[in-house]
$ cat coords22.cif   # mmCIF, C-alpha atoms and all ligand atoms
data_my_file
loop_
_atom_site.label_atom_id
_atom_site.label_comp_id
_atom_site.auth_asym_id
_atom_site.auth_seq_id
_atom_site.Cartn_x
_atom_site.Cartn_y
_atom_site.Cartn_z
CA MET A 1094 -9.41 -3.36 10.60
CA ILE A 1095 -7.52 -1.64 13.45
CA ASP A 1096 -7.02 1.91 12.21
CA PHE A 1097 -10.66 2.26 11.13
CA PRO A 1098 -12.38 -0.16 13.50
CA GLY A 1099 -14.52 -2.67 11.67
CA LYS A 1100 -13.47 -1.55 8.18
CA ALA A 1101 -10.75 -2.86 5.90
CA ALA A 1102 -8.65 0.27 5.57
CA ALA A 1103 -5.49 1.45 3.86
CA VAL A 1104 -3.37 4.02 5.71
CA VAL A 1105 -1.80 7.00 3.93
CA TYR A 1106 0.99 8.74 5.83
CA LEU A 1107 1.69 12.38 4.89
CA GLN A 1108 5.11 13.82 5.62
CA GLY A 1109 5.62 16.95 7.66
CA CYS A 1110 4.33 18.21 11.00
CA ASN A 1111 4.03 21.60 12.68
CA PHE A 1112 4.58 20.07 16.16
CA ARG A 1113 7.65 18.40 17.66
CA CYS A 1114 6.23 16.27 20.47
CA PRO A 1115 9.29 14.93 22.33
CA TYR A 1116 7.72 11.45 22.57
CA CYS A 1117 6.81 11.23 18.86
CA LYS A 1118 7.91 7.92 17.33
CA SER A 1119 7.62 9.04 13.69
CA ALA A 1120 10.81 11.01 13.03
CA GLU A 1121 10.66 9.88 9.39
CA LEU A 1122 7.37 11.78 9.05
CA VAL A 1123 8.29 14.82 11.14
CA GLU A 1124 11.95 15.72 10.69
CA PRO A 1125 12.72 16.72 7.07
CA ALA A 1126 16.24 15.30 7.40
CA CYS A 1127 14.72 11.85 8.00
CA PHE A 1128 12.15 11.95 5.18
CA GLY A 1129 12.17 9.03 2.76
CA PRO A 1130 11.04 9.17 -0.88
CA VAL A 1131 7.44 10.25 -1.46
CA ILE A 1132 5.05 7.90 -3.27
CA PRO A 1133 3.44 9.91 -6.11
CA GLU A 1134 -0.27 10.63 -5.68
CA GLU A 1135 -1.12 8.78 -8.90
CA VAL A 1136 0.52 5.60 -7.55
CA VAL A 1137 -1.54 5.88 -4.36
CA MET A 1138 -4.76 6.38 -6.34
CA GLU A 1139 -3.94 3.44 -8.60
CA PHE A 1140 -3.32 1.23 -5.56
CA LEU A 1141 -6.66 2.25 -4.02
CA ARG A 1142 -8.53 1.71 -7.28
CA ASN A 1143 -7.03 -1.75 -7.74
CA LYS A 1144 -8.15 -2.91 -4.31
CA GLY A 1145 -11.76 -2.87 -5.52
CA ASN A 1146 -14.21 -4.36 -3.05
CA ASN A 1147 -11.47 -5.52 -0.70
CA LEU A 1148 -11.04 -2.01 0.63
CA GLU A 1149 -13.69 0.00 2.48
CA ALA A 1150 -11.83 2.95 3.95
CA VAL A 1151 -8.71 5.10 3.90
CA VAL A 1152 -7.07 6.52 7.02
CA ILE A 1153 -5.12 9.71 6.41
CA THR A 1154 -2.51 10.43 9.03
CA GLY A 1155 0.97 11.87 9.42
CA GLY A 1156 2.83 13.85 10.47
CA GLU A 1157 0.03 16.37 10.41
CA PRO A 1158 -2.16 16.05 7.30
CA THR A 1159 -3.82 19.48 7.60
CA ILE A 1160 -0.59 21.41 6.97
CA HIS A 1161 -0.99 20.43 3.30
CA LYS A 1162 -3.29 22.83 1.47
CA GLU A 1163 -3.86 20.12 -1.17
CA LEU A 1164 -5.45 17.79 1.42
CA PRO A 1165 -9.12 18.60 0.60
CA ALA A 1166 -8.54 17.92 -3.12
CA PHE A 1167 -6.75 14.65 -2.30
CA ILE A 1168 -9.62 13.53 -0.05
CA ARG A 1169 -12.18 14.43 -2.74
CA ARG A 1170 -10.36 12.14 -5.19
CA ILE A 1171 -10.44 9.26 -2.71
CA ARG A 1172 -14.11 9.97 -1.99
CA HIS A 1173 -14.90 9.55 -5.67
CA LEU A 1174 -13.72 5.95 -5.35
CA GLY A 1175 -16.55 5.41 -2.84
CA LEU A 1176 -14.26 4.91 0.16
CA LEU A 1177 -14.85 6.01 3.74
CA ILE A 1178 -12.33 8.49 5.16
CA LYS A 1179 -10.80 8.75 8.61
CA LEU A 1180 -8.60 11.76 9.34
CA GLU A 1181 -6.06 11.80 12.18
CA THR A 1182 -5.00 15.30 13.22
CA ASN A 1183 -3.36 17.33 15.97
CA GLY A 1184 -6.21 19.85 15.74
CA SER A 1185 -4.08 22.86 14.82
CA ASN A 1186 -6.08 23.71 11.67
CA PRO A 1187 -9.78 24.04 12.61
CA GLU A 1188 -10.47 26.03 9.44
CA MET A 1189 -9.51 23.14 7.17
CA LEU A 1190 -11.29 20.67 9.47
CA ARG A 1191 -14.52 22.67 9.12
CA GLU A 1192 -14.15 22.80 5.35
CA LEU A 1193 -13.75 19.00 5.22
CA MET A 1194 -16.63 18.40 7.63
CA GLN A 1195 -19.01 20.80 5.90
CA GLU A 1196 -18.32 19.18 2.56
CA GLY A 1197 -19.18 15.80 4.04
CA LEU A 1198 -15.74 14.41 3.28
CA LEU A 1199 -15.04 12.78 6.66
CA ASP A 1200 -16.55 9.70 8.30
CA PHE A 1201 -14.31 9.48 11.35
CA ILE A 1202 -11.99 12.02 13.00
CA ALA A 1203 -9.31 11.20 15.56
CA MET A 1204 -7.71 14.20 17.22
CA ASP A 1205 -4.79 14.29 19.63
CA VAL A 1206 -5.24 16.48 22.69
CA LYS A 1207 -1.71 16.77 23.98
CA ALA A 1208 -2.07 18.55 27.31
CA PRO A 1209 -4.08 21.16 29.20
CA SER A 1210 -3.73 24.63 27.63
CA ALA A 1211 -1.15 25.83 30.18
CA ASN A 1212 1.52 23.34 29.14
CA TYR A 1213 0.59 22.59 25.55
CA ALA A 1214 3.82 24.05 24.18
CA GLN A 1215 5.94 21.85 26.43
CA VAL A 1216 4.17 18.64 25.36
CA ALA A 1217 3.84 19.61 21.67
CA GLY A 1218 7.44 20.83 21.49
CA ARG A 1219 6.33 24.02 19.73
CA ARG A 1220 4.46 27.19 20.62
CA VAL A 1221 0.78 26.38 20.01
CA ASP A 1222 -2.24 28.66 19.74
CA THR A 1223 -4.47 26.70 22.11
CA GLU A 1224 -7.54 28.62 20.93
CA LEU A 1225 -7.17 26.72 17.66
CA ILE A 1226 -7.03 23.45 19.57
CA ARG A 1227 -10.16 24.34 21.56
CA ASP A 1228 -11.90 25.42 18.37
CA SER A 1229 -11.14 22.07 16.73
CA ILE A 1230 -12.39 20.17 19.78
CA TRP A 1231 -15.61 22.17 19.77
CA ALA A 1232 -16.17 21.72 16.02
CA ILE A 1233 -15.56 17.97 16.18
CA LYS A 1234 -17.71 17.42 19.29
CA ASN A 1235 -20.58 19.30 17.70
CA SER A 1236 -20.41 17.56 14.36
CA ASN A 1237 -22.40 14.43 13.72
CA ILE A 1238 -19.24 12.70 12.63
CA ARG A 1239 -17.89 9.71 14.52
CA HIS A 1240 -14.87 10.88 16.52
CA GLU A 1241 -12.27 10.11 19.12
CA PHE A 1242 -9.91 12.30 21.11
CA ARG A 1243 -6.74 10.78 22.48
CA THR A 1244 -3.69 11.56 24.54
CA THR A 1245 -0.37 9.75 24.51
CA VAL A 1246 0.51 9.65 28.20
CA VAL A 1247 4.15 10.13 29.13
CA PRO A 1248 5.62 9.90 32.64
CA GLY A 1249 7.05 13.27 33.68
CA MET A 1250 4.96 15.09 31.05
CA HIS A 1251 1.49 14.30 32.37
CA THR A 1252 -0.04 14.01 35.82
CA LEU A 1253 -3.41 12.60 36.78
CA ARG A 1254 -4.61 16.16 37.52
CA GLU A 1255 -3.62 17.28 34.01
CA LEU A 1256 -5.31 14.27 32.43
CA ARG A 1257 -8.50 15.22 34.27
CA GLU A 1258 -8.17 18.73 32.83
CA ILE A 1259 -7.92 17.25 29.34
CA GLY A 1260 -10.95 15.13 30.24
CA ASP A 1261 -12.85 18.34 30.99
CA MET A 1262 -11.81 19.79 27.61
CA VAL A 1263 -13.31 16.81 25.74
CA HIS A 1264 -16.36 16.47 28.02
CA GLY A 1265 -19.38 15.20 26.05
CA CYS A 1266 -17.42 13.56 23.21
CA ASP A 1267 -18.00 10.11 21.71
CA ALA A 1268 -14.74 8.59 22.89
CA TYR A 1269 -11.56 9.55 24.70
CA ALA A 1270 -8.50 7.29 24.72
CA VAL A 1271 -5.27 7.45 26.65
CA GLN A 1272 -2.54 5.53 24.92
CA ASP A 1273 0.83 4.17 25.89
CA PHE A 1274 4.00 6.04 25.07
CA VAL A 1275 6.52 3.84 23.23
CA SER A 1276 10.09 4.74 24.11
CA SER A 1277 11.99 2.77 21.46
CA ALA A 1278 12.81 5.76 19.18
CA PRO A 1279 11.36 9.05 20.47
CA LEU A 1280 12.20 12.40 18.86
CA ARG A 1281 13.87 13.54 22.07
CA ARG A 1282 16.57 11.04 22.88
CA GLU A 1283 16.39 11.59 26.67
CA LEU A 1284 13.03 9.81 26.64
CA ALA A 1285 14.46 6.64 25.05
CA GLY A 1286 13.95 3.56 27.20
CA LEU A 1287 11.55 5.31 29.60
CA ALA A 1288 8.82 3.12 31.07
CA ALA A 1289 5.20 3.68 30.06
CA PHE A 1290 2.82 5.76 32.19
CA PRO A 1291 1.75 3.68 35.22
CA ARG A 1292 -1.61 1.94 34.98
CA LYS A 1293 -3.05 2.84 38.40
CA PRO A 1294 -3.63 6.59 37.73
CA LEU A 1295 -5.19 5.69 34.38
CA GLU A 1296 -7.64 3.43 36.16
CA ASP A 1297 -8.42 6.33 38.54
CA LEU A 1298 -8.93 8.53 35.47
CA SER A 1299 -11.34 5.96 34.10
CA ARG A 1300 -13.70 6.56 37.05
CA TYR A 1301 -13.51 10.32 36.43
CA MET A 1302 -14.09 10.01 32.69
CA GLU A 1303 -16.96 7.53 32.66
CA ARG A 1304 -19.36 10.32 33.66
CA ARG A 1305 -18.00 12.69 31.02
CA VAL A 1306 -17.64 10.74 27.78
CA GLU A 1307 -19.56 7.94 26.11
CA LYS A 1308 -16.53 5.69 25.96
CA PHE A 1309 -13.19 5.83 27.76
CA ILE A 1310 -10.36 3.66 26.49
CA ILE A 1311 -6.97 2.75 27.97
CA ARG A 1312 -5.04 1.71 24.87
CA ALA A 1313 -2.05 -0.51 25.56
CA HIS A 1314 0.82 -0.80 23.10
CA ASP A 1315 2.77 -4.06 22.87
CA GLU A 1316 6.06 -2.18 22.51
CA ALA A 1317 5.54 0.03 25.58
CA LYS A 1318 8.04 -0.61 28.34
CA ARG A 1319 6.34 -1.69 31.54
CA ILE A 1320 7.63 -1.46 35.07
CA PRO A 1321 7.29 -4.97 36.50
CA ILE A 1322 4.76 -5.09 39.33
CA ARG A 1323 6.58 -6.14 42.48
CA ARG A 1324 4.52 -8.45 44.63
CA ARG A 1325 4.76 -7.69 48.33
CA ARG A 1326 6.31 -10.59 50.19
CA ALA A 1327 3.61 -12.13 52.32
CA SER A 1328 4.27 -12.11 56.06
CA PRO A 1329 4.87 -15.51 57.71
CA ALA A 1330 1.49 -15.18 59.46
CA SER A 1331 -0.40 -14.50 56.21
CA ARG A 1332 1.41 -17.42 54.50
CA ILE A 1333 0.19 -19.73 57.24
CA GLU A 1334 -3.32 -18.27 56.86
CA ALA A 1335 -3.20 -18.74 53.08
CA ARG A 1336 -2.10 -22.38 53.42
CA ALA A 1337 -4.88 -22.93 55.92
CA GLY A 1338 -7.39 -21.23 53.62
CA ILE A 1339 -8.11 -18.47 56.16
CA GLY A 1340 -8.63 -14.84 55.11
S1 LIG B 1401 3.14 13.00 17.72
FE1 LIG B 1401 3.43 15.25 17.57
S2 LIG B 1401 5.28 15.53 16.31
FE2 LIG B 1401 4.58 13.41 16.00
S3 LIG B 1401 3.27 13.47 14.21
FE3 LIG B 1401 1.90 13.71 15.97
S4 LIG B 1401 1.73 15.93 16.29
FE4 LIG B 1401 3.49 15.59 14.92
#

$ encode --input "coords22.cif" --output "structure tokens"
Amino acid sequence: MIDFPGKAAAVVYLQGCNFRCPYCKSAELVEPACFGPVIPEEVVMEFLRNKGNNLEAVVITGGEPTIHKELPAFIRRIRHLGLLIKLETNGSNPEMLRELMQEGLLDFIAMDVKAPSANYAQVAGRRVDTELIRDSIWAIKNSNIRHEFRTTVVPGMHTLRELREIGDMVHGCDAYAVQDFVSSAPLRRELAGLAAFPRKPLEDLSRYMERRVEKFIIRAHDEAKRIPIRRRRASPASRIEARAGIG
């Protein structure tokens, strides 16, 4: 009910990714050396079939699902079971996205927008053709398919100014979410243990975004490391005022 809001959904994780975001917490889906055994497609289909009416949707995520040329055929098979499909993508394959959208195979698309174009490579950990990213954003925004863009915000990798630039890139979309970075096991070890992006600039961003998108979301993660908010010691005068109920 979380991954496809309001629908009982199964999640299928596909191994492999063409990016290496330093903050990524899914090494087992990104680094071939960490890959575990693959569940055969037939076993997945059997599982989905056996769920019957208890299952309404399937979320396909990764890694990056669109690097697999077999993805459209896999989605068609799931579609035949009468299930809704949500695709999570990094937006690097607009051609496949269009094919899936035009065939009416998607009901919900969530796309990561990592950074403004100028520093995409730094945040994605790989050289990225940002025209492809812009093309995907455009295609998704102009589809009639429910969608969400999102950015994992990392201290030292994003600034409020850059988040506003991303906000301009997704202007007019259904929903834009900024989500906490979790530093328990990032791809790049130097980021381990780092605190989450501070909340105040995200609240400032909220005011900027509310005029640009239908819905702006600050998505907290339970495992994100927070910097404790230090309360300013009240001055003796203000303590007296507080006790007296003044001010
Ligand atoms: S966070 Fe980056 S590296 Fe990790 S799966 Fe997503 S696109 Fe790939």

$ closest_atom_pairs --input "coords22.cif" --of "chain A" --to "ligand LIG 1401 (chain B)" --cutoff "10 Å" --atoms "all atoms listed in the file" --output "CSV"
residue,atom,partner,partner_atom,distance
A:Tyr1106,CA,B:LIG1401,S3,9.9
A:Leu1107,CA,B:LIG1401,S3,9.5
A:Gln1108,CA,B:LIG1401,S3,8.8
A:Gly1109,CA,B:LIG1401,FE4,7.7
A:Cys1110,CA,B:LIG1401,FE4,4.8
A:Asn1111,CA,B:LIG1401,FE4,6.4
A:Phe1112,CA,B:LIG1401,S2,4.6
A:Arg1113,CA,B:LIG1401,S2,4.0
A:Cys1114,CA,B:LIG1401,FE1,4.2
A:Pro1115,CA,B:LIG1401,S2,7.3
A:Tyr1116,CA,B:LIG1401,S1,6.8
A:Cys1117,CA,B:LIG1401,S1,4.2
A:Lys1118,CA,B:LIG1401,FE2,6.6
A:Ser1119,CA,B:LIG1401,FE2,5.8
A:Ala1120,CA,B:LIG1401,FE2,7.3
A:Glu1121,CA,B:LIG1401,S3,9.5
A:Leu1122,CA,B:LIG1401,S3,6.8
A:Val1123,CA,B:LIG1401,S2,6.0
A:Glu1124,CA,B:LIG1401,S2,8.7
A:Thr1154,CA,B:LIG1401,S3,8.3
A:Gly1155,CA,B:LIG1401,S3,5.5
A:Gly1156,CA,B:LIG1401,S3,3.8
A:Glu1157,CA,B:LIG1401,FE4,5.7
A:Pro1158,CA,B:LIG1401,S3,9.2
A:Glu1181,CA,B:LIG1401,FE3,9.0
A:Thr1182,CA,B:LIG1401,S4,7.4
A:Asn1183,CA,B:LIG1401,S4,5.3
A:Gly1184,CA,B:LIG1401,S4,8.9
A:Ser1185,CA,B:LIG1401,S4,9.2
A:Met1204,CA,B:LIG1401,S4,9.6
A:Asp1205,CA,B:LIG1401,S4,7.5
A:Val1206,CA,B:LIG1401,S4,9.5
A:Lys1207,CA,B:LIG1401,FE1,8.4
A:Val1216,CA,B:LIG1401,FE1,8.5
A:Ala1217,CA,B:LIG1401,FE1,6.0
A:Gly1218,CA,B:LIG1401,S2,7.7
A:Arg1219,CA,B:LIG1401,S2,9.2
A:Thr1244,CA,B:LIG1401,S1,9.8
A:Thr1245,CA,B:LIG1401,S1,8.3
A:Pro1279,CA,B:LIG1401,FE2,9.2
A:Leu1280,CA,B:LIG1401,S2,8.0

$ atom_distance --input "coords22.cif" --atom1 "atom CA of A:Pro1187" --atom2 "atom CA of A:Ser1229"
4.8 Å

$ residues_around --input "coords22.cif" --residues "stretch 1315-1320 of chain A" --least-positions-apart "5" --cutoff "6 Å" --atoms "all atoms listed in the file" --output "JSON, numbers by chain"
{"A": [1275, 1288, 1289]}

$ closest_residue --input "coords22.cif" --among "A:Arg1169, A:Ala1101, A:Asn1186, A:Arg1254" --to "A:Lys1144" --atoms "only C-alpha atoms"
A:Ala1101

$ closest_residue --input "coords22.cif" --among "A:Val1246, A:Val1151, A:Asp1273, A:Val1221" --to "A:His1314" --atoms "all atoms listed in the file"
A:Asp1273

$ residues_around --input "coords22.cif" --residues "A:Pro1209" --least-positions-apart "3" --cutoff "10 Å" --atoms "all atoms listed in the file" --output "PyMOL selection string"
chain A and resi 1206+1212-1214+1216+1223+1251+1254-1262

$ atom_distance --input "coords22.cif" --atom1 "atom CA of A:Ala1166" --atom2 "atom CA of A:Leu1198"
10.3 Å

$ atom_distance --input "coords22.cif" --atom1 "atom CA of A:Val1152" --atom2 "atom CA of A:Ser1277"
24.2 Å

$ decode --input "coords22.cif" --residues "stretch 1273-1320 of chain A" --atoms "C-alpha atoms" --output "PDB file, in the first residue's frame"
ATOM      1  CA  ASP A1273      15.756  11.791   2.878  1.00  0.00           C
ATOM      2  CA  PHE A1274      19.144  10.304   2.167  1.00  0.00           C
ATOM      3  CA  VAL A1275      19.851   7.243   4.336  1.00  0.00           C
ATOM      4  CA  SER A1276      23.520   6.943   5.221  1.00  0.00           C
ATOM      5  CA  SER A1277      23.608   3.417   6.665  1.00  0.00           C
ATOM      6  CA  ALA A1278      25.189   1.715   3.601  1.00  0.00           C
ATOM      7  CA  PRO A1279      25.792   4.136   0.704  1.00  0.00           C
ATOM      8  CA  LEU A1280      27.708   3.107  -2.419  1.00  0.00           C
ATOM      9  CA  ARG A1281      30.399   5.654  -1.620  1.00  0.00           C
ATOM     10  CA  ARG A1282      31.717   4.855   1.824  1.00  0.00           C
ATOM     11  CA  GLU A1283      32.687   8.476   2.635  1.00  0.00           C
ATOM     12  CA  LEU A1284      28.981   9.278   2.894  1.00  0.00           C
ATOM     13  CA  ALA A1285      28.344   6.620   5.570  1.00  0.00           C
ATOM     14  CA  GLY A1286      26.961   8.080   8.778  1.00  0.00           C
ATOM     15  CA  LEU A1287      26.282  11.503   7.245  1.00  0.00           C
ATOM     16  CA  ALA A1288      23.258  13.348   8.618  1.00  0.00           C
ATOM     17  CA  ALA A1289      20.200  13.870   6.418  1.00  0.00           C
ATOM     18  CA  PHE A1290      19.636  17.115   4.516  1.00  0.00           C
ATOM     19  CA  PRO A1291      18.435  19.795   6.975  1.00  0.00           C
ATOM     20  CA  ARG A1292      14.702  20.413   7.119  1.00  0.00           C
ATOM     21  CA  LYS A1293      14.671  24.229   7.037  1.00  0.00           C
ATOM     22  CA  PRO A1294      15.788  24.661   3.377  1.00  0.00           C
ATOM     23  CA  LEU A1295      13.266  21.997   2.362  1.00  0.00           C
ATOM     24  CA  GLU A1296      10.522  24.005   4.006  1.00  0.00           C
ATOM     25  CA  ASP A1297      11.763  27.077   2.088  1.00  0.00           C
ATOM     26  CA  LEU A1298      11.659  24.969  -1.082  1.00  0.00           C
ATOM     27  CA  SER A1299       8.084  24.038  -0.277  1.00  0.00           C
ATOM     28  CA  ARG A1300       7.022  27.691  -0.619  1.00  0.00           C
ATOM     29  CA  TYR A1301       8.814  27.890  -3.986  1.00  0.00           C
ATOM     30  CA  MET A1302       7.311  24.646  -5.278  1.00  0.00           C
ATOM     31  CA  GLU A1303       3.700  25.115  -4.241  1.00  0.00           C
ATOM     32  CA  ARG A1304       3.185  27.509  -7.169  1.00  0.00           C
ATOM     33  CA  ARG A1305       4.857  25.147  -9.630  1.00  0.00           C
ATOM     34  CA  VAL A1306       3.508  21.649  -8.995  1.00  0.00           C
ATOM     35  CA  GLU A1307       0.180  20.218  -7.907  1.00  0.00           C
ATOM     36  CA  LYS A1308       1.670  18.489  -4.903  1.00  0.00           C
ATOM     37  CA  PHE A1309       4.997  18.939  -3.127  1.00  0.00           C
ATOM     38  CA  ILE A1310       6.106  16.280  -0.669  1.00  0.00           C
ATOM     39  CA  ILE A1311       8.901  16.191   1.911  1.00  0.00           C
ATOM     40  CA  ARG A1312       9.358  12.451   2.414  1.00  0.00           C
ATOM     41  CA  ALA A1313      11.019  11.504   5.678  1.00  0.00           C
ATOM     42  CA  HIS A1314      12.771   8.177   6.124  1.00  0.00           C
ATOM     43  CA  ASP A1315      12.859   6.535   9.558  1.00  0.00           C
ATOM     44  CA  GLU A1316      16.461   5.432   9.053  1.00  0.00           C
ATOM     45  CA  ALA A1317      17.760   8.885   8.065  1.00  0.00           C
ATOM     46  CA  LYS A1318      20.217  10.333  10.541  1.00  0.00           C
ATOM     47  CA  ARG A1319      18.988  13.618  11.977  1.00  0.00           C
ATOM     48  CA  ILE A1320      21.005  16.397  13.522  1.00  0.00           C
TER      49      ILE A1320
END
